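Since the structure comes first, as structure tokens, the remarks are kept for the end.
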Amino acid sequence: MTAAQQTVSVGNVTFGNDLPFVLIAGPCAMESRNHAMEMSHAIKEITDDLSIPFIYKSSYDKANRTSLNAGRGIGLAKAMDVFNEVKETYGCPVLTDVHAADQCAPVAETVDVLQIPAFLCRQTDLLVAAAETGKVVNVKKGQFLAPWDMKNVVAKIVESGNPNVLVTERGASFGYNTLVSDFRALPIMAQQTGKPVVFDATHSVQQPGGQGGSTGGQREFVPVLARAAIAVGVAAVFMETHQDPDNAPSDGPNMVPLHELRDLLATLKTFDQVAKPALHQAAE
């Protein structure tokens, strides 16, 4: 059975599988106030020039690092002040991960979209707590789930009183240290859940634990997968970016270098116009 398709709004940004795509982007981990302001300004400038709706993302705590000694971010309290400044300065909504039920309410005081990490997508208490904030909830599909399993994940949130859900595809486990993207998952999740579908182009090229003590990645394939997802048709693309990925504290091997972002987004917009021509013509 195909679910009725829903749109989800976050401030001045609207997600819909049949609408022009939204960009969710930013560095993996929040490194400092200055870095966050520089990155959000740079991405906002690019997306404004290209007329692409934009939500800034970054993580205040990377709670699922490969190594105990890996850096985790600047912490919840400091990050909320930074997110608030990003919102006030650049007028864009913000998104961040939550990892425990008791984080949801304090994060929701500032952040517009609460994101459930893929490894935690079946944690009922976390899903219910996120739902109860009333904020939009973006759930990443676990690497271990089939796309049709996401209807049960979404139901936990909706039945907790919150219909504003996004579902994100970020690859499926394929043997050891490897993910693959099955693009059938995009329309299947849309049909099964009725929710806007996001494609995570950078985590889909991860090689989990691939460097022994840290995660590897193949960022050269991000444009390939992003183009394919846009061609299939999605509500949004999730993409981590950094001005110096090789020296980033987290997920450097799969982040898009900031200087390549504009050309990639321009290409994706062209693909989106082909996939959804009537909508783009109406917007012109």
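Ligands are numbered from 1 in the order shown, residues from 1 within each chain, and chains are lettered A, B, ... in the order they appear in the structure tokens.
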
Which residues are close to Ala236 (chain A), i.e. within 8 Å by only C-alpha atoms, leaving aside same-chain residues fewer than 4 positions away? Reply as a VMD selection string. chain A and resid 15 21 to 24 196 to 199

Keeping only N, CA and C atoms, write the selected residues to a file as a PDB file, in the first residue's frame.
ATOM      1  N   PHE A  15      10.166  20.573   2.730  1.00  0.00           N
ATOM      2  CA  PHE A  15      10.620  19.310   2.168  1.00  0.00           C
ATOM      3  C   PHE A  15       9.442  18.594   1.519  1.00  0.00           C
ATOM      4  N   PHE A  21      14.838  20.170  -4.510  1.00  0.00           N
ATOM      5  CA  PHE A  21      15.537  19.596  -3.364  1.00  0.00           C
ATOM      6  C   PHE A  21      16.087  20.649  -2.404  1.00  0.00           C
ATOM      7  N   VAL A  22      16.132  20.243  -1.141  1.00  0.00           N
ATOM      8  CA  VAL A  22      16.714  21.026  -0.048  1.00  0.00           C
ATOM      9  C   VAL A  22      18.118  20.488   0.219  1.00  0.00           C
ATOM     10  N   LEU A  23      19.040  21.363   0.609  1.00  0.00           N
ATOM     11  CA  LEU A  23      20.373  20.937   1.015  1.00  0.00           C
ATOM     12  C   LEU A  23      20.496  21.001   2.531  1.00  0.00           C
ATOM     13  N   ILE A  24      20.893  19.883   3.130  1.00  0.00           N
ATOM     14  CA  ILE A  24      21.290  19.838   4.542  1.00  0.00           C
ATOM     15  C   ILE A  24      22.793  19.674   4.546  1.00  0.00           C
ATOM     16  N   PRO A 196       8.936  12.789   3.426  1.00  0.00           N
ATOM     17  CA  PRO A 196      10.026  13.246   2.562  1.00  0.00           C
ATOM     18  C   PRO A 196      11.287  12.416   2.789  1.00  0.00           C
ATOM     19  N   VAL A 197      11.945  12.075   1.692  1.00  0.00           N
ATOM     20  CA  VAL A 197      13.131  11.224   1.738  1.00  0.00           C
ATOM     21  C   VAL A 197      14.380  12.071   1.487  1.00  0.00           C
ATOM     22  N   VAL A 198      15.376  11.844   2.315  1.00  0.00           N
ATOM     23  CA  VAL A 198      16.667  12.531   2.221  1.00  0.00           C
ATOM     24  C   VAL A 198      17.713  11.502   1.813  1.00  0.00           C
ATOM     25  N   PHE A 199      18.633  11.898   0.943  1.00  0.00           N
ATOM     26  CA  PHE A 199      19.758  11.024   0.629  1.00  0.00           C
ATOM     27  C   PHE A 199      21.023  11.595   1.233  1.00  0.00           C
TER      28      PHE A 199
END

Contacts of Ile52 (chain A) at 10 Å (only C-alpha atoms; same-chain gap of 6+ positions) as a short mmCIF file (atom, residue, chain, number, x, y, z; two decimals) with C-alpha atoms, in the first residue's frame:
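Result went into out17.cif, see below:
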data_model
loop_
_atom_site.label_atom_id
_atom_site.label_comp_id
_atom_site.auth_asym_id
_atom_site.auth_seq_id
_atom_site.Cartn_x
_atom_site.Cartn_y
_atom_site.Cartn_z
CA VAL A 13 12.21 25.55 4.11
CA PRO A 20 12.89 21.14 -5.58
CA PHE A 21 15.54 19.60 -3.36
CA VAL A 22 16.71 21.03 -0.05
CA LEU A 23 20.37 20.94 1.02
CA LYS A 44 24.61 30.05 2.83
CA ILE A 46 26.51 29.43 -2.22
CA LEU A 265 25.32 21.83 -6.20
CA ALA A 266 24.94 23.54 -9.57
CA LYS A 269 20.21 21.51 -9.45
#

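Take the candidates A:Thr193, A:Ser58, A:Ser173, A:Ser9 and check each one against Asp251 (chain A) using only C-alpha atoms; the shortest distance goes to A:Ser58.
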
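Minimum atom-to-atom distances from A:Asp18, A:Asp200, A:Glu220, A:Asp97 to Ser59 (chain A) were compared using only C-alpha atoms, and the lowest value belongs to A:Asp97.
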
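Proximity ranking of A:Ala229, A:Ala101, A:Met30, A:Cys121 relative to Asp81 (chain A) places A:Met30 first, based on only C-alpha atoms.
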
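Among A:Thr202, A:Ser51, A:Asn164, A:Asn84, the residue with the shortest atom-to-atom distance to Ala25 (chain A), counting only C-alpha atoms, is A:Thr202.
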
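Within 10 Å of Val113 (chain A), once only C-alpha atoms are used and residues closer than 6 positions along the same chain are dropped, the contacting residues are Val10, Ile55, Tyr56, Lys57, Pro93, Val94, Leu95, Thr96, Asp97, Val107, Ala130, Gly134, Lys135, Val136, Val137, Asn138, Asn164, Val165 and Leu166 of chain A.
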
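As for CA of Lys140 (chain A) and CA of Val8 (chain A), they are spaced 16.1 Å apart.
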
I'd like to know which residues of region 33-212 of chain A are helix (DSSP H, G or I) (by DSSP, run on the backbone); could you write them as an MDAnalysis selection string? chainID A and resid 33:50 76:90 101:108 118:120 124:132 147:158 185:193 203:205
